[in-house]
Each structure stands twice: as C-alpha cells, then as structure tokens.
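Coordinates from target.cif are shown below (mmCIF, C-alpha atoms and all ligand atoms).
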```cif
data_data
#
loop_
_atom_site.label_atom_id
_atom_site.label_comp_id
_atom_site.auth_asym_id
_atom_site.auth_seq_id
_atom_site.Cartn_x
_atom_site.Cartn_y
_atom_site.Cartn_z
CA MET A 491 -23.39 -2.65 6.51
CA LYS A 492 -26.26 -3.43 4.11
CA SER A 493 -25.44 -4.17 0.50
CA LEU A 494 -25.51 -0.94 -1.51
CA LYS A 495 -26.58 -0.44 -5.11
CA ILE A 496 -23.89 1.09 -7.31
CA LYS A 497 -26.05 0.96 -10.43
CA ASP A 498 -28.64 -1.41 -11.84
CA ASP A 499 -27.69 -5.02 -11.01
CA ILE A 500 -24.34 -4.05 -9.46
CA TYR A 501 -23.99 -3.91 -5.67
CA ARG A 502 -21.30 -3.23 -3.13
CA LEU A 503 -21.13 -5.69 -0.25
CA GLY A 504 -18.60 -6.13 2.55
CA SER A 505 -17.82 -4.29 5.75
CA VAL A 506 -16.51 -1.03 7.08
CA ASP A 507 -13.96 -1.72 9.81
CA TRP A 508 -14.01 1.54 11.75
CA ASP A 509 -11.91 0.27 14.64
CA ARG A 510 -9.03 -1.53 12.97
CA ARG A 511 -5.77 0.22 13.78
CA ILE A 512 -3.16 -2.22 12.47
CA PHE A 513 -3.01 -4.45 9.41
CA ASP A 514 -0.88 -7.57 8.94
CA ALA A 515 0.28 -6.81 12.51
CA LEU A 516 2.52 -4.25 10.77
CA ILE A 517 0.73 -1.41 9.02
CA PRO A 518 -0.85 1.37 11.07
CA LEU A 519 -4.42 2.22 10.00
CA PRO A 520 -5.29 5.54 11.66
CA ASP A 521 -8.57 5.79 9.74
CA GLY A 522 -9.70 2.15 9.80
CA THR A 523 -10.48 0.41 6.50
CA SER A 524 -13.17 -1.40 4.57
CA TYR A 525 -13.32 -4.76 2.81
CA ASN A 526 -15.38 -4.37 -0.35
CA ALA A 527 -16.99 -7.18 -2.31
CA TYR A 528 -19.21 -6.72 -5.36
CA LEU A 529 -22.26 -8.61 -6.61
CA ILE A 530 -23.16 -8.45 -10.30
CA LYS A 531 -26.41 -9.89 -11.62
CA GLY A 532 -26.21 -10.58 -15.33
CA SER A 533 -29.21 -11.68 -17.40
CA GLU A 534 -27.97 -15.28 -17.20
CA LYS A 535 -25.34 -15.55 -14.51
CA THR A 536 -24.72 -13.99 -11.11
CA VAL A 537 -21.21 -13.38 -9.89
CA LEU A 538 -19.65 -12.27 -6.62
CA ILE A 539 -16.28 -10.52 -6.75
CA ASP A 540 -14.23 -11.18 -3.57
CA THR A 541 -15.60 -11.73 -0.07
CA ASP A 542 -14.82 -10.23 3.32
CA ASP A 543 -12.46 -10.44 6.24
CA PRO A 544 -13.48 -13.52 8.27
CA GLU A 545 -14.01 -11.30 11.32
CA PHE A 546 -17.09 -9.97 9.50
CA LYS A 547 -18.36 -13.34 8.34
CA ASP A 548 -21.83 -13.05 9.90
CA GLU A 549 -22.47 -9.58 8.50
CA PHE A 550 -21.25 -10.65 5.10
CA MET A 551 -23.29 -13.84 4.93
CA GLN A 552 -26.39 -11.83 5.89
CA GLN A 553 -25.81 -9.66 2.82
CA LEU A 554 -26.03 -12.80 0.70
CA GLU A 555 -29.22 -14.05 2.34
CA ASN A 556 -31.48 -12.90 -0.50
CA VAL A 557 -29.18 -14.06 -3.28
CA GLU A 558 -30.93 -17.14 -4.66
CA LYS A 559 -28.23 -18.46 -6.92
CA LEU A 560 -24.55 -17.75 -7.33
CA ASP A 561 -22.86 -19.06 -10.45
CA TYR A 562 -19.35 -17.75 -9.93
CA LEU A 563 -17.23 -16.40 -7.13
CA ILE A 564 -14.29 -14.44 -8.50
CA SER A 565 -11.34 -14.12 -6.15
CA LEU A 566 -8.98 -11.40 -7.33
CA HIS A 567 -6.45 -11.85 -4.54
CA ALA A 568 -5.72 -14.64 -2.06
CA GLU A 569 -5.05 -12.49 1.02
CA GLN A 570 -7.54 -13.35 3.72
CA ASP A 571 -9.09 -9.89 4.11
CA HIS A 572 -10.76 -10.62 0.74
CA SER A 573 -10.65 -14.39 0.50
CA GLY A 574 -11.32 -15.31 4.12
CA CYS A 575 -15.06 -15.85 3.68
CA ILE A 576 -14.75 -17.92 0.47
CA PRO A 577 -15.26 -21.25 2.30
CA PHE A 578 -18.53 -19.97 3.83
CA VAL A 579 -19.78 -18.66 0.49
CA LEU A 580 -18.98 -21.97 -1.23
CA GLU A 581 -20.77 -23.80 1.53
CA LYS A 582 -23.91 -21.69 1.00
CA PHE A 583 -23.67 -21.92 -2.80
CA PRO A 584 -22.20 -25.37 -3.51
CA GLU A 585 -22.88 -25.01 -7.24
CA ALA A 586 -20.70 -21.87 -7.53
CA LYS A 587 -17.31 -22.14 -9.22
CA LEU A 588 -14.35 -20.21 -7.87
CA ILE A 589 -12.59 -18.18 -10.57
CA VAL A 590 -8.96 -17.24 -9.90
CA SER A 591 -5.68 -16.57 -11.65
CA PRO A 592 -3.50 -19.70 -12.03
CA LYS A 593 -1.13 -18.55 -9.26
CA CYS A 594 -4.02 -17.82 -6.93
CA LYS A 595 -5.36 -21.37 -7.14
CA GLY A 596 -2.47 -23.01 -5.31
CA MET A 597 -2.32 -20.19 -2.78
CA GLU A 598 -5.99 -20.53 -1.86
CA MET A 599 -5.70 -24.31 -1.69
CA ASP A 600 -2.89 -23.79 0.85
CA LEU A 601 -4.37 -20.87 2.77
CA LEU A 602 -8.04 -21.84 2.83
CA HIS A 603 -7.97 -25.57 2.11
CA ILE A 604 -10.39 -25.22 -0.79
CA PRO A 605 -10.68 -28.45 -2.85
CA GLU A 606 -9.11 -28.34 -6.29
CA GLU A 607 -12.34 -29.20 -8.13
CA LYS A 608 -13.93 -25.92 -7.06
CA PHE A 609 -11.54 -23.79 -9.12
CA ILE A 610 -11.61 -22.41 -12.64
CA THR A 611 -8.43 -20.55 -13.59
CA VAL A 612 -8.45 -17.68 -16.04
CA GLU A 613 -5.63 -16.28 -18.13
CA ASP A 614 -4.86 -12.64 -18.71
CA GLY A 615 -7.44 -11.16 -21.13
CA GLU A 616 -9.89 -14.04 -20.79
CA THR A 617 -13.59 -13.10 -20.60
CA LEU A 618 -16.65 -14.43 -18.82
CA SER A 619 -20.18 -13.82 -20.11
CA LEU A 620 -22.97 -13.18 -17.62
CA GLY A 621 -25.48 -12.84 -20.48
CA ASN A 622 -25.91 -9.12 -20.95
CA LYS A 623 -22.63 -8.32 -19.18
CA THR A 624 -19.05 -9.42 -19.82
CA ILE A 625 -16.18 -9.56 -17.37
CA GLU A 626 -12.62 -9.40 -18.65
CA PHE A 627 -9.81 -10.59 -16.39
CA ILE A 628 -6.67 -8.48 -16.33
CA HIS A 629 -3.67 -9.91 -14.55
CA THR A 630 -2.05 -7.24 -12.37
CA PRO A 631 0.64 -9.14 -10.45
CA TRP A 632 2.51 -7.83 -7.41
CA VAL A 633 -0.06 -5.50 -6.00
CA HIS A 634 1.37 -6.71 -3.54
CA TRP A 635 1.20 -10.49 -3.94
CA PRO A 636 2.11 -12.31 -7.17
CA GLU A 637 -1.34 -13.70 -8.00
CA THR A 638 -3.41 -10.52 -8.11
CA MET A 639 -5.76 -9.69 -10.96
CA ALA A 640 -8.44 -7.11 -11.75
CA ALA A 641 -11.84 -7.61 -13.37
CA TYR A 642 -13.21 -5.18 -15.97
CA LEU A 643 -16.95 -5.07 -16.53
CA GLN A 644 -16.98 -4.15 -20.20
CA GLU A 645 -20.54 -2.85 -20.70
CA ASP A 646 -20.47 -0.66 -17.57
CA LYS A 647 -16.79 0.32 -17.86
CA ILE A 648 -16.14 -0.51 -14.21
CA LEU A 649 -12.74 -1.75 -13.10
CA PHE A 650 -12.78 -3.94 -9.99
CA SER A 651 -9.19 -3.46 -8.98
CA CYS A 652 -8.91 -5.27 -5.59
CA ASP A 653 -5.99 -3.84 -3.54
CA PHE A 654 -4.79 -1.79 -6.53
CA PHE A 655 -5.98 1.86 -6.13
CA GLY A 656 -7.37 0.99 -2.68
CA SER A 657 -7.32 3.19 0.40
CA HIS A 658 -7.41 2.16 4.03
CA LEU A 659 -10.29 4.42 4.99
CA ALA A 660 -13.44 3.68 6.96
CA THR A 661 -16.22 5.93 5.71
CA SER A 662 -19.96 5.77 5.24
CA ASP A 663 -19.48 7.25 1.75
CA MET A 664 -19.73 4.61 -0.97
CA PHE A 665 -18.12 6.98 -3.49
CA VAL A 666 -15.20 9.37 -3.03
CA THR A 667 -16.43 12.70 -1.66
CA ASP A 668 -13.44 14.17 0.19
CA LYS A 669 -10.73 13.80 -2.45
CA ALA A 670 -7.88 15.07 -0.26
CA ARG A 671 -8.70 12.57 2.48
CA VAL A 672 -8.89 9.67 0.06
CA TYR A 673 -5.67 10.77 -1.66
CA GLU A 674 -3.84 10.69 1.67
CA ALA A 675 -5.26 7.29 2.65
CA ALA A 676 -4.47 5.84 -0.78
CA LYS A 677 -0.91 7.19 -0.67
CA ARG A 678 -0.38 5.62 2.74
CA TYR A 679 -1.70 2.34 1.36
CA TYR A 680 0.53 2.52 -1.71
CA ALA A 681 3.56 3.35 0.44
CA GLU A 682 3.00 0.54 2.88
CA ILE A 683 2.44 -2.34 0.49
CA MET A 684 2.98 -1.45 -3.16
CA MET A 685 6.06 0.78 -3.26
CA PRO A 686 8.53 -2.13 -3.34
CA PHE A 687 6.89 -3.40 -6.55
CA ARG A 688 6.98 -0.04 -8.34
CA LYS A 689 8.37 -1.36 -11.60
CA VAL A 690 5.67 -4.02 -12.00
CA ILE A 691 3.00 -1.58 -10.89
CA SER A 692 4.16 0.87 -13.55
CA LYS A 693 3.61 -1.86 -16.16
CA ASN A 694 0.20 -2.65 -14.68
CA LEU A 695 -0.74 1.02 -14.91
CA GLN A 696 0.27 1.17 -18.56
CA LYS A 697 -1.74 -1.97 -19.24
CA LEU A 698 -4.87 -0.48 -17.65
CA MET A 699 -4.53 2.70 -19.72
CA ALA A 700 -5.80 0.72 -22.70
CA TYR A 701 -9.23 0.42 -21.02
CA ASP A 702 -12.04 2.96 -21.04
CA ILE A 703 -12.72 3.21 -17.31
CA ASP A 704 -15.70 5.15 -15.91
CA MET A 705 -15.39 3.91 -12.35
CA ILE A 706 -12.82 2.11 -10.20
CA ALA A 707 -14.21 -0.13 -7.49
CA PRO A 708 -11.33 -1.19 -5.20
CA SER A 709 -11.44 -3.69 -2.35
CA HIS A 710 -10.58 -1.08 0.30
CA GLY A 711 -12.03 2.41 0.69
CA PRO A 712 -14.57 4.30 -1.38
CA ILE A 713 -15.30 3.82 -5.09
CA TYR A 714 -13.77 6.31 -7.53
CA TRP A 715 -16.35 7.85 -9.84
CA GLU A 716 -13.57 10.07 -11.24
CA PRO A 717 -10.87 7.43 -11.86
CA GLU A 718 -8.32 9.92 -13.14
CA LEU A 719 -7.86 11.18 -9.56
CA ILE A 720 -6.32 7.92 -8.39
CA ILE A 721 -4.73 6.90 -11.70
CA GLU A 722 -2.80 10.18 -11.95
CA ALA A 723 -1.80 9.91 -8.27
CA HIS A 724 -0.37 6.43 -8.85
CA LYS A 725 1.51 7.58 -11.95
CA GLU A 726 3.13 10.29 -9.84
CA TRP A 727 4.00 7.97 -6.94
CA VAL A 728 5.32 5.25 -9.21
CA ASP A 729 7.02 7.03 -12.08
CA ALA A 730 7.84 10.66 -11.15
CA PRO A 731 11.41 11.45 -10.04
CA PRO A 732 11.99 11.99 -6.30
CA LYS A 733 11.49 15.43 -4.81
CA ASN A 734 13.82 17.88 -3.13
CA LEU A 735 13.03 16.29 0.22
CA VAL A 736 15.03 14.66 3.00
CA VAL A 737 13.30 12.13 5.24
CA LEU A 738 14.98 12.00 8.62
CA PRO A 739 13.94 9.18 10.97
CA TYR A 740 15.75 9.56 14.27
CA ILE A 741 15.79 8.58 17.90
CA SER A 742 17.63 10.19 20.77
CA MET A 743 18.29 9.08 24.35
CA HIS A 744 20.05 12.02 26.02
CA SER A 745 19.65 14.74 23.36
CA SER A 746 23.04 14.42 21.60
CA THR A 747 21.48 12.89 18.48
CA ARG A 748 18.55 15.26 18.76
CA LEU A 749 20.91 18.29 18.68
CA MET A 750 22.54 16.86 15.55
CA VAL A 751 19.16 16.36 13.92
CA ASP A 752 18.09 19.91 14.77
CA ARG A 753 21.26 21.26 13.19
CA LEU A 754 20.81 19.23 10.02
CA VAL A 755 17.18 20.30 9.66
CA GLU A 756 18.17 23.96 10.04
CA ALA A 757 21.11 23.61 7.63
CA LEU A 758 19.02 21.88 4.98
CA THR A 759 16.15 24.34 5.30
CA ARG A 760 18.58 27.24 4.86
CA ARG A 761 19.71 25.61 1.62
CA GLY A 762 16.19 25.24 0.26
CA VAL A 763 15.87 21.50 0.92
CA ALA A 764 12.60 20.36 2.52
CA VAL A 765 12.81 18.00 5.50
CA GLU A 766 10.37 15.63 7.15
CA GLN A 767 11.71 14.46 10.50
CA PHE A 768 10.26 11.52 12.41
CA ASN A 769 10.99 10.86 16.06
CA LEU A 770 10.85 7.06 16.11
CA GLU A 771 9.85 7.06 19.74
CA VAL A 772 6.40 8.35 18.83
CA THR A 773 6.14 8.28 15.05
CA ASP A 774 3.44 6.75 12.89
CA LEU A 775 5.44 4.47 10.60
CA GLY A 776 2.76 4.75 7.93
CA LYS A 777 3.42 8.50 7.71
CA LEU A 778 7.13 7.81 7.43
CA ALA A 779 6.45 5.34 4.61
CA MET A 780 4.33 7.97 2.82
CA MET A 781 7.15 10.50 2.92
CA LEU A 782 9.54 7.88 1.56
CA VAL A 783 7.41 7.82 -1.61
CA ASP A 784 8.81 11.24 -2.58
CA ALA A 785 12.11 11.71 -0.77
CA ALA A 786 15.38 12.05 -2.71
CA THR A 787 17.48 11.53 0.42
CA ILE A 788 17.15 9.54 3.65
CA VAL A 789 19.21 10.42 6.70
CA MET A 790 18.94 8.09 9.69
CA ALA A 791 20.02 9.26 13.12
CA SER A 792 20.61 7.12 16.18
CA PRO A 793 22.59 7.00 19.39
CA THR A 794 24.63 3.92 20.18
CA VAL A 795 22.90 1.57 22.60
CA LEU A 796 23.98 -1.96 23.53
CA GLY A 797 26.93 -1.60 21.17
CA GLY A 798 24.99 -0.68 18.02
CA PRO A 799 22.15 1.51 16.73
CA HIS A 800 19.01 1.91 18.82
CA PRO A 801 16.52 -0.92 18.01
CA ALA A 802 13.99 1.67 16.80
CA ALA A 803 16.52 2.88 14.20
CA VAL A 804 17.23 -0.73 13.22
CA TYR A 805 13.52 -1.28 12.60
CA ALA A 806 13.20 1.92 10.54
CA ALA A 807 16.26 1.02 8.46
CA TYR A 808 14.94 -2.50 7.85
CA LEU A 809 11.56 -1.07 6.83
CA ALA A 810 13.11 1.51 4.47
CA ASN A 811 15.19 -1.22 2.87
CA ALA A 812 12.11 -3.44 2.42
CA LEU A 813 9.98 -0.62 0.96
CA LYS A 814 12.63 0.17 -1.69
CA PRO A 815 11.80 3.88 -2.06
CA LYS A 816 13.04 6.09 -4.92
CA ALA A 817 15.66 7.83 -2.76
CA LYS A 818 19.04 8.35 -4.43
CA PHE A 819 21.14 9.39 -1.44
CA VAL A 820 21.53 8.17 2.14
CA SER A 821 23.50 9.29 5.17
CA ILE A 822 23.69 8.58 8.89
CA LEU A 823 24.04 10.72 12.00
CA GLY A 824 25.10 9.06 15.24
CA SER A 825 26.32 9.74 18.74
CA TYR A 826 28.16 7.36 21.03
CA GLY A 827 29.88 7.17 24.40
CA TRP A 828 32.78 4.73 24.24
CA SER A 829 32.38 2.53 21.15
CA ASP A 830 30.32 2.66 18.02
CA ARG A 831 28.84 0.18 15.56
CA THR A 832 25.93 2.35 14.43
CA VAL A 833 27.20 3.17 10.94
CA PRO A 834 28.23 -0.37 9.87
CA VAL A 835 25.05 -1.95 11.28
CA LEU A 836 22.67 0.59 9.70
CA SER A 837 24.63 0.57 6.42
CA ASP A 838 24.30 -3.20 6.26
CA LEU A 839 20.55 -3.01 6.86
CA ILE A 840 19.98 -0.69 3.91
CA LYS A 841 22.27 -2.39 1.43
CA GLY A 842 19.28 -3.29 -0.78
CA LEU A 843 18.75 0.39 -1.64
CA LYS A 844 20.32 1.68 -4.84
CA VAL A 845 21.72 4.83 -3.28
CA GLU A 846 24.88 6.85 -3.01
CA VAL A 847 26.04 6.97 0.61
CA LEU A 848 27.09 10.44 1.75
CA GLU A 849 29.70 10.81 4.52
CA PRO A 850 28.08 10.01 7.91
CA VAL A 851 28.60 12.31 10.88
CA LEU A 852 29.41 10.86 14.30
CA SER A 853 29.75 12.60 17.63
CA LYS A 854 31.58 11.18 20.65
CA GLY A 855 29.40 12.47 23.45
CA ALA A 856 27.44 15.70 23.01
CA PRO A 857 28.10 17.41 19.66
CA ARG A 858 30.77 20.10 19.56
CA GLU A 859 31.36 22.83 17.04
CA ASP A 860 33.36 20.53 14.74
CA THR A 861 30.36 18.11 14.67
CA PHE A 862 28.01 20.93 13.70
CA LYS A 863 30.43 21.99 10.95
CA ALA A 864 30.44 18.42 9.63
CA ILE A 865 26.65 18.44 9.65
CA ASP A 866 26.61 21.72 7.70
CA LYS A 867 28.95 20.06 5.21
CA LEU A 868 26.56 17.12 4.90
CA ALA A 869 23.67 19.54 4.27
CA GLU A 870 25.75 21.26 1.60
CA ALA A 871 26.53 17.90 0.00
CA ILE A 872 22.84 16.89 -0.02
CA ALA A 873 21.72 20.22 -1.53
CA GLY A 874 24.50 19.92 -4.13
CA LYS A 875 23.61 16.34 -5.01
CA HIS A 876 19.93 17.24 -5.42
CA LYS A 877 20.88 20.14 -7.71
CA GLU A 878 23.26 18.02 -9.74
CA ALA A 879 20.56 15.33 -10.20
CA GLY A 880 18.03 17.99 -11.32
CA ILE A 881 15.83 17.27 -8.30
CA LEU A 882 13.44 20.15 -7.72
FE1 LIG B 901 -6.42 -6.11 0.95
FE2 LIG B 901 -3.60 -7.67 0.03
O1 LIG B 901 -5.23 -7.53 0.83
#
```

Please re-express this file's structure in structure tokens.
Amino acid sequence: MKSLKIKDDIYRLGSVDWDRRIFDALIPLPDGTSYNAYLIKGSEKTVLIDTDDPEFKDEFMQQLENVEKLDYLISLHAEQDHSGCIPFVLEKFPEAKLIVSPKCKGMEMDLLHIPEEKFITVEDGETLSLGNKTIEFIHTPWVHWPETMAAYLQEDKILFSCDFFGSHLATSDMFVTDKARVYEAAKRYYAEIMMPFRKVISKNLQKLMAYDIDMIAPSHGPIYWEPELIIEAHKEWVDAPPKNLVVLPYISMHSSTRLMVDRLVEALTRRGVAVEQFNLEVTDLGKLAMMLVDAATIVMASPTVLGGPHPAAVYAAYLANALKPKAKFVSILGSYGWSDRTVPVLSDLIKGLKVEVLEPVLSKGAPREDTFKAIDKLAEAIAGKHKEAGIL
C-alpha cells in the first residue's frame, strides 16, 4: 500500500493484510485486517502515530522513505501489530522520541527491547504542539490491554483511537463506504477482544463524548468520516441490556445431543425467544462471540466423552467465561452413556459469569419423551425469566 492523504498534511500509512485468517493464534479473521499508522506534518514538528505489523516491515519502511525528519513517534498501544516496527523506525530516525503512556513504556521495553532513553511518557490530557497542530493524549485503558491511549488532533477534530473502534476488515477503501459490512466487522472485533472490559470501555466512551470529533481513525479497518455510526454501535454493545436471545453452542457425536438441541430451539421459538445455535464442529468462534454480545441466555450442549464434556464444549465454555458477556441466565443440555461429569465440569468453567443457572437437562442415551418434556420446561423457564427481567 502507498501512503494515502486523508487531508492536508495528514496521511494514512500501514498495510492491508488481505490473507490473514487468525489473530493472536485465537481470533478468526474471515475478512482479513489492516494495520493503520498515521503521519502528521505540523508547521514545526512531524509525528508518526503507530507503526505496522513486523511482517509488513519492508512495505512500511518504504512509505517512510520520503519523510526527511521525524520528531516524534507516538505509540498508542504496545501490541506488536502496531508497535512491531518501532525499532526499525527509530533506527531510521535516531533523533525521534517515542511518546507513550507510562504503562506502555515498561511494556515496550520488555516486548521490543527499546532503550529507556528513547521514551517520553505522557499523562492523560497532556498535549503536544506540532506548531500549527496540537495533539492531546487521552488515556483509554483496557481496549484491550492496560496501557492503551488515543490521540486527538485538536485543530482537525480527528481522533486516532488505535484498537478502539477498529474493525478487522481488509478493504481498499480508506473511509467507510459499506456501513453494514464495517458494523459487522467492528462488532466481531469488539466481541473478541473488548467485551470483557465493558465497564472500563463504557467509561472511556463517556470520556470521549466530551470531544468534538469529525473523524475517527482507528488502527484496524477503514476510517470513520461519520463517527456517530461506530460510537452509537459501541454504546449499544457496551451499555444496552441483553436481548431476548439464546445462544446455543453445541456438539453432538451420535445425534442424541443434537435431538435435544433441536427440541430446545423449537420450544424457544414457539415461545417468542430468538435462538442462535452454533455447531462447534464447524462453527466460526468469532460469530459465536458476536452473538454473545447481545444474548440474555447461554445454553451449552454436549455429549459425554472421556468421562466429561466434549473438548469442543470445554473450549466454548472457557471462551464464554473469558469474554464475560452480558448474559443473565445459563443452562446445560447433555447426553451420556454410562456416567456423566458434563454438568459439573461445564458449570465450573463458567463460574466467572454472573448468571442464574437454570435446571440442566440430561439424557441417558437417546432422548425419550420425558427428556423432551424437561426441555420444554427449560424453554418455558427461559421465556419466563426473560419476561420477568423485562428483556425484549
Ligand atoms: Fe491491534 Fe491490540 O492490537
């Protein structure tokens, strides 16, 4: 990618990673991603905000070839997809100072072995003059690491938000064009890394509301020229109550669990409760995470294998527990042959969730009529709990 002009003296640099399909060896990226950096030329000082994933080092350094002087390199976040090329930039511009939040300094010394004398740390609200332009630093911790900050270019009303408001989306569009596509990619991104820090993110959102923002330039995905699109979406994901939705991750070996899942889906649908079911044998875990953003209830379903729940169900339960979704109710469906530890093992894995546990349903062998009746009762309980809690 060539560097692209956003407006006079402000450029987008970085790379579009069309082929990346997994992030942190954990997060599925069906639509690739981008790593955005920004170059701002003030009348007196030139500053680079963030760098690039080290995999794109050569492309990134080429974008800096015609930059004669760099006064400051601002690193908003220590994760290597944005900080990984800092050592190369500092090597090319030895006079440049590296501006970070106080927490970021130690992290980048550890992760990138950058010498202490290179750093300048900035407090929340501190400003940096580039001559005719002023950058204000806004600490926005836990998006999704503790050291994260944003940079607000006061004269141009541009918020450089790093991971905050980002979307894992590879596109040749510098600005958002297809809003629905970006909304989906940004929701996936929020679900996969930010959801566990909802309370801090809510505070960060409130803090940013004090700023007059014309444009949001994140470190992943296209730039928002209508910031309200992504700000309102985050308010909804973070602060709105859960929806009348059950998320049902399941796995089945010989169809017993599958028959139980089918019955529960039918029984819930008949009672006006929406369901999103995910067969863990084939599911995209990012999509599951996205649905957890809104769900009021989670029901996990697994057969017994090797004396406990299927490993795929264990993984899903562990992930749900780590993502800390808004869900208020949880239950479990399970089938077994001769012994069963599915319910205690899964219950233990989700003990970090602040939920009410509704009576699990177990079937010895293939489900019989009494199992289906118990599942109908569970559906009735879920619908009743949603109604009672005012969940629409
Ligand atoms: Fe895009 Fe947390 O790095």

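Considering only C-alpha atoms, the residue among A:Ser505, A:Ile840, A:Asn622, A:Pro815 positioned nearest to Ala660 in chain A is A:Ser505.
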
Set the distance at 9 Å and use only C-alpha atoms: which residues neighbour Thr773 in chain A once local chain neighbours fewer than 5 positions away are removed? I'd like the list as a compact mmCIF listing (two decimals) with C-alpha atoms, keeping the file's coordinate frame.
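Here's the written file result-v1.txt:
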```txt
# COMPACT_ATOMS: atom_id res chain seq x y z
CA PRO A 739 13.94 9.18 10.97
CA PHE A 768 10.26 11.52 12.41
CA LEU A 778 7.13 7.81 7.43
```

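With distances restricted to all atoms listed in the file, A:Asp830 is the closest residue to Ser792 in chain A from A:Glu682, A:Glu756, A:Asp830, A:Asp600.
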
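Shortest atom-to-atom contact with Asn526 in chain A among A:Ser709, A:Asp543, A:Ala568, A:Gly574: A:Ser709, counting all atoms listed in the file.
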
Can you work out which one of A:Arg688, A:Arg753, A:Lys725, A:His658 has the shortest atom-to-atom distance to ligand LIG 901 (chain B), counting all atoms listed in the file?
A:His658

Which polymer residues have any atom within 10 Å of an atom of Leu823 in chain A, counting only C-alpha atoms, with same-chain residues fewer than 3 positions away left out, as a PDB file with C-alpha atoms, in the frame of the given file?
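Heads up, here's the output in selection02.pdb:
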```pdb
ATOM      1  CA  LEU A 738      14.980  12.000   8.620  1.00  0.00           C
ATOM      2  CA  TYR A 740      15.750   9.560  14.270  1.00  0.00           C
ATOM      3  CA  THR A 747      21.480  12.890  18.480  1.00  0.00           C
ATOM      4  CA  ARG A 748      18.550  15.260  18.760  1.00  0.00           C
ATOM      5  CA  MET A 750      22.540  16.860  15.550  1.00  0.00           C
ATOM      6  CA  VAL A 751      19.160  16.360  13.920  1.00  0.00           C
ATOM      7  CA  LEU A 754      20.810  19.230  10.020  1.00  0.00           C
ATOM      8  CA  VAL A 789      19.210  10.420   6.700  1.00  0.00           C
ATOM      9  CA  MET A 790      18.940   8.090   9.690  1.00  0.00           C
ATOM     10  CA  ALA A 791      20.020   9.260  13.120  1.00  0.00           C
ATOM     11  CA  SER A 792      20.610   7.120  16.180  1.00  0.00           C
ATOM     12  CA  PRO A 793      22.590   7.000  19.390  1.00  0.00           C
ATOM     13  CA  THR A 832      25.930   2.350  14.430  1.00  0.00           C
ATOM     14  CA  VAL A 833      27.200   3.170  10.940  1.00  0.00           C
ATOM     15  CA  GLU A 849      29.700  10.810   4.520  1.00  0.00           C
ATOM     16  CA  PRO A 850      28.080  10.010   7.910  1.00  0.00           C
ATOM     17  CA  VAL A 851      28.600  12.310  10.880  1.00  0.00           C
ATOM     18  CA  LEU A 852      29.410  10.860  14.300  1.00  0.00           C
ATOM     19  CA  SER A 853      29.750  12.600  17.630  1.00  0.00           C
ATOM     20  CA  ILE A 865      26.650  18.440   9.650  1.00  0.00           C
ATOM     21  CA  LEU A 868      26.560  17.120   4.900  1.00  0.00           C
TER      22      LEU A 868
END
```

Within 12 Å of ligand LIG 901 (chain B) (counting all atoms listed in the file), which residues show up? I'd like them as a PyMOL selection string.
chain A and resi 513-514+517+523-527+540-543+565-574+631-639+651-659+679-680+682-684+708-711

Å distance separating CA of Lys587 in chain A from CA of Leu618 in chain A, one decimal place
12.3 Å

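Distances here use all atoms listed in the file; by that measure, the residue among A:Val835, A:Glu878, A:Ser746, A:Ile691 closest to Lys854 in chain A is A:Ser746.
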